[in-house]
>>> print(open('data36.txt').read())   # compact mmCIF, C-alpha atoms
# COMPACT_ATOMS: atom_id res chain seq x y z
CA MET K 1019 84.63 211.87 53.97
CA ILE K 1020 87.89 212.26 55.81
CA LYS K 1021 91.09 214.17 55.23
CA ARG K 1022 94.49 212.62 55.80
CA TYR K 1023 96.45 214.06 58.71
CA TYR K 1024 100.08 213.31 57.84
CA HIS K 1025 100.52 211.03 54.85
CA GLN K 1026 99.00 211.26 51.40
CA ASN K 1027 99.67 207.53 51.00
CA PHE K 1028 96.36 206.01 52.15
CA SER K 1029 97.95 202.61 52.83
CA ARG K 1030 99.93 204.20 55.72
CA LEU K 1031 97.20 205.55 57.96
CA GLU K 1032 98.31 207.15 61.18
CA ASP K 1033 96.27 206.97 64.36
CA LYS K 1034 94.25 210.14 63.76
CA ARG K 1035 92.05 211.43 60.94
CA ILE K 1036 90.43 214.79 60.27
CA VAL K 1037 86.65 214.70 59.87
CA SER K 1038 85.42 216.59 56.80
CA GLY K 1039 81.75 217.28 56.12
CA ASP K 1040 78.52 216.83 58.05
CA SER K 1041 77.59 213.22 57.29
CA MET K 1042 78.47 212.01 60.80
CA GLU K 1043 76.79 214.81 62.74
CA PRO K 1044 75.72 215.11 65.50
CA GLU K 1045 78.50 212.81 66.82
CA PHE K 1046 81.40 214.06 64.65
CA HIS K 1047 81.80 217.56 63.22
CA SER K 1048 83.94 218.83 60.37
CA GLY K 1049 87.42 219.72 61.57
CA GLU K 1050 87.42 217.36 64.56
CA ILE K 1051 90.19 214.82 64.94
CA ALA K 1052 88.97 211.22 65.04
CA TRP K 1053 91.28 208.86 66.97
CA VAL K 1054 91.58 205.53 65.21
CA SER K 1055 92.67 202.10 66.45
CA GLN K 1056 94.27 200.46 63.42
CA GLN K 1057 92.54 197.17 62.63
CA ASP K 1058 91.22 195.50 59.51
CA THR K 1059 87.75 194.47 60.73
CA LEU K 1060 84.69 196.16 62.22
CA CYS K 1061 81.72 194.63 63.99
CA ASP K 1062 78.14 195.48 63.08
CA GLY K 1063 77.35 198.95 64.41
CA GLU K 1064 80.95 200.12 64.91
CA ILE K 1065 82.20 203.39 63.43
CA GLY K 1066 85.39 203.14 61.46
CA ILE K 1067 87.61 204.45 58.72
CA SER K 1068 86.96 202.51 55.53
CA GLY K 1069 87.93 202.65 51.91
CA LEU K 1070 85.16 201.79 49.48
CA ASN K 1071 86.34 201.60 45.88
CA ASN K 1072 89.27 203.92 46.73
CA GLU K 1073 87.15 206.57 48.49
CA ALA K 1074 87.80 207.13 52.21
CA TYR K 1075 84.89 207.33 54.65
CA ILE K 1076 84.22 207.64 58.34
CA LYS K 1077 80.95 205.70 58.70
CA LYS K 1078 79.10 203.16 60.79
CA LEU K 1079 79.16 199.62 59.39
CA LYS K 1080 75.66 198.09 59.51
CA ARG K 1081 74.17 194.80 58.37
CA TYR K 1082 70.52 194.82 57.25
CA ALA K 1083 68.88 191.67 55.86
CA ASP K 1084 72.19 190.00 54.89
CA ARG K 1085 73.54 193.14 53.20
CA LEU K 1086 76.30 195.46 54.42
CA TYR K 1087 76.08 199.24 54.41
CA LEU K 1088 78.21 202.23 55.34
CA VAL K 1089 75.82 204.45 57.26
CA SER K 1090 76.02 208.16 58.08
CA LEU K 1091 74.72 209.35 61.44
CA ASN K 1092 73.18 212.39 59.74
CA SER K 1093 69.78 211.25 58.42
CA LYS K 1094 69.97 213.48 55.35
CA TYR K 1095 72.47 210.99 53.85
CA SER K 1096 71.36 207.61 52.51
CA PRO K 1097 73.23 204.46 53.49
CA ILE K 1098 75.82 203.25 50.99
CA GLU K 1099 75.25 199.62 50.08
CA ILE K 1100 78.40 197.55 49.79
CA LYS K 1101 77.94 195.31 46.79
CA GLU K 1102 79.76 192.07 46.11
CA SER K 1103 81.65 193.74 43.25
CA ASP K 1104 82.87 196.59 45.52
CA ARG K 1105 86.25 196.72 47.21
CA LEU K 1106 85.93 197.46 50.93
CA ASP K 1107 89.05 198.02 53.04
CA VAL K 1108 88.77 198.66 56.77
CA PHE K 1109 91.64 200.73 58.17
CA GLY K 1110 90.51 201.11 61.74
CA LYS K 1111 87.88 201.64 64.40
CA VAL K 1112 87.14 205.15 65.64
CA VAL K 1113 87.77 205.15 69.39
CA GLY K 1114 87.51 208.84 70.25
CA LYS K 1115 87.62 212.41 69.05
CA ILE K 1116 88.95 215.85 69.93
CA ASN K 1117 88.25 219.30 68.56
CA SER K 1118 91.23 220.51 66.52
CA ASN K 1119 90.87 223.94 68.19
CA ASP K 1120 91.81 222.28 71.48
CA VAL K 1121 95.22 221.21 70.14
CA PRO K 1122 97.88 223.94 70.46
CA ASP K 1123 99.76 224.74 67.24
CA TYR K 1124 97.58 222.33 65.27
CA ARG K 1125 97.78 222.60 61.46
CA PHE K 1126 96.12 220.63 58.64
>>> encode(input="data36.txt", output="structure tokens")
Amino acid sequence: MIKRYYHQNFSRLEDKRIVSGDSMEPEFHSGEIAWVSQQDTLCDGEIGISGLNNEAYIKKLKRYADRLYLVSLNSKYSPIEIKESDRLDVFGKVVGKINSNDVPDYRF
């Protein structure tokens, strides 16, 4: 899951998101800032910020046998299958990260 950095209105994403939880470890850790390039599509294997049925995720988009999944990097989490009846919105591609402790005067 992710936490919003500035706006509570999810339709107005800024260019950075706060990682929350361990589902994307070892690449992303809770409390890190994920830098996001705003775009509405992801290619197979890219990590992005997505909304699935109004829940926000930072996950890898993967295609397996003609099905799409949101996949965690941490193997203790199962992939989330995206069904035809689901609503998937892509808000951007993750292009980098920084530890929030490295940002002076940073506040959630």
>>> atom_distance(input="data36.txt", atom1="CA of Lys1077 (chain K)", atom2="CA of Leu1091 (chain K)")
7.7 Å
>>> closest_residue(input="data36.txt", among="K:Ile1036, K:Ile1076, K:Leu1070, K:Ile1098", to="Gly1110 (chain K)", atoms="all atoms listed in the file")
K:Ile1076
>>> atom_distance(input="data36.txt", atom1="CA of Ile1100 (chain K)", atom2="CA of Glu1045 (chain K)")
22.9 Å
>>> atom_distance(input="data36.txt", atom1="CA of Phe1109 (chain K)", atom2="CA of Gly1069 (chain K)")
7.5 Å
>>> closest_residue(input="data36.txt", among="K:Met1042, K:Lys1034, K:Leu1060, K:Ile1116", to="Ser1096 (chain K)", atoms="all atoms listed in the file")
K:Met1042
>>> closest_residue(input="data36.txt", among="K:Ser1068, K:Arg1105, K:Tyr1087, K:Tyr1095", to="Gln1056 (chain K)", atoms="only C-alpha atoms")
K:Ser1068
>>> residues_around(input="data36.txt", residues="Ser1090 (chain K)", least_positions_apart="4", cutoff="12 Å", atoms="only C-alpha atoms", output="list of chain:residue names")
K:Met1019, K:Gly1039, K:Asp1040, K:Ser1041, K:Met1042, K:Glu1043, K:Pro1044, K:Glu1045, K:Phe1046, K:Gly1063, K:Glu1064, K:Ile1065, K:Gly1066, K:Tyr1075, K:Ile1076, K:Lys1077, K:Lys1078, K:Leu1079, K:Lys1080, K:Lys1094, K:Tyr1095, K:Ser1096, K:Pro1097, K:Ile1098, K:Glu1099
>>> residues_near_point(input="data36.txt", point="(84.2, 209.7, 68.2)", cutoff="7 Å", atoms="all atoms listed in the file", output="list of chain:residue names")
K:Glu1045, K:Phe1046, K:Ala1052, K:Val1112, K:Val1113, K:Gly1114, K:Lys1115
>>> closest_residue(input="data36.txt", among="K:Asn1117, K:Asp1107, K:Gln1057, K:Glu1102", to="Asp1084 (chain K)", atoms="all atoms listed in the file")
K:Glu1102
>>> build_atoms(input="data36.txt", residues="region 1061-1081 of chain K", atoms="N, CA and C atoms", output="JSON list (two decimals), keeping the file's coordinate frame")
[["chain", "number", "residue", "atom", "x", "y", "z"],
["K", 1061, "CYS", "N", 82.95, 195.37, 63.67],
["K", 1061, "CYS", "CA", 81.72, 194.63, 63.99],
["K", 1061, "CYS", "C", 80.52, 195.47, 63.59],
["K", 1062, "ASP", "N", 79.40, 194.80, 63.42],
["K", 1062, "ASP", "CA", 78.14, 195.48, 63.08],
["K", 1062, "ASP", "C", 77.88, 196.60, 64.09],
["K", 1063, "GLY", "N", 77.67, 197.80, 63.57],
["K", 1063, "GLY", "CA", 77.35, 198.95, 64.41],
["K", 1063, "GLY", "C", 78.54, 199.78, 64.83],
["K", 1064, "GLU", "N", 79.76, 199.34, 64.54],
["K", 1064, "GLU", "CA", 80.95, 200.12, 64.91],
["K", 1064, "GLU", "C", 81.24, 201.19, 63.86],
["K", 1065, "ILE", "N", 81.79, 202.31, 64.33],
["K", 1065, "ILE", "CA", 82.20, 203.39, 63.43],
["K", 1065, "ILE", "C", 83.67, 203.22, 63.13],
["K", 1066, "GLY", "N", 84.00, 203.32, 61.85],
["K", 1066, "GLY", "CA", 85.39, 203.14, 61.46],
["K", 1066, "GLY", "C", 85.78, 203.97, 60.26],
["K", 1067, "ILE", "N", 87.05, 203.84, 59.92],
["K", 1067, "ILE", "CA", 87.61, 204.45, 58.72],
["K", 1067, "ILE", "C", 87.70, 203.34, 57.69],
["K", 1068, "SER", "N", 87.02, 203.53, 56.57],
["K", 1068, "SER", "CA", 86.96, 202.51, 55.53],
["K", 1068, "SER", "C", 87.27, 203.12, 54.18],
["K", 1069, "GLY", "N", 87.77, 202.29, 53.31],
["K", 1069, "GLY", "CA", 87.93, 202.65, 51.91],
["K", 1069, "GLY", "C", 86.95, 201.82, 51.10],
["K", 1070, "LEU", "N", 86.10, 202.49, 50.37],
["K", 1070, "LEU", "CA", 85.16, 201.79, 49.48],
["K", 1070, "LEU", "C", 85.47, 202.23, 48.07],
["K", 1071, "ASN", "N", 85.97, 201.30, 47.27],
["K", 1071, "ASN", "CA", 86.34, 201.60, 45.88],
["K", 1071, "ASN", "C", 87.25, 202.83, 45.81],
["K", 1072, "ASN", "N", 88.24, 202.87, 46.68],
["K", 1072, "ASN", "CA", 89.27, 203.92, 46.73],
["K", 1072, "ASN", "C", 88.78, 205.28, 47.21],
["K", 1073, "GLU", "N", 87.63, 205.35, 47.84],
["K", 1073, "GLU", "CA", 87.15, 206.57, 48.49],
["K", 1073, "GLU", "C", 87.18, 206.32, 49.99],
["K", 1074, "ALA", "N", 87.69, 207.29, 50.76],
["K", 1074, "ALA", "CA", 87.80, 207.13, 52.21],
["K", 1074, "ALA", "C", 86.56, 207.68, 52.91],
["K", 1075, "TYR", "N", 86.09, 206.94, 53.90],
["K", 1075, "TYR", "CA", 84.89, 207.33, 54.65],
["K", 1075, "TYR", "C", 85.10, 207.10, 56.14],
["K", 1076, "ILE", "N", 84.44, 207.94, 56.94],
["K", 1076, "ILE", "CA", 84.22, 207.64, 58.34],
["K", 1076, "ILE", "C", 82.72, 207.37, 58.44],
["K", 1077, "LYS", "N", 82.35, 206.12, 58.72],
["K", 1077, "LYS", "CA", 80.95, 205.70, 58.70],
["K", 1077, "LYS", "C", 80.75, 204.56, 59.68],
["K", 1078, "LYS", "N", 79.49, 204.32, 60.00],
["K", 1078, "LYS", "CA", 79.10, 203.16, 60.79],
["K", 1078, "LYS", "C", 78.87, 201.99, 59.83],
["K", 1079, "LEU", "N", 79.39, 200.82, 60.18],
["K", 1079, "LEU", "CA", 79.16, 199.62, 59.39],
["K", 1079, "LEU", "C", 77.91, 198.94, 59.94],
["K", 1080, "LYS", "N", 76.92, 198.71, 59.08],
["K", 1080, "LYS", "CA", 75.66, 198.09, 59.51],
["K", 1080, "LYS", "C", 75.28, 196.97, 58.57],
["K", 1081, "ARG", "N", 74.70, 195.92, 59.15],
["K", 1081, "ARG", "CA", 74.17, 194.80, 58.37],
["K", 1081, "ARG", "C", 72.64, 194.85, 58.49]]
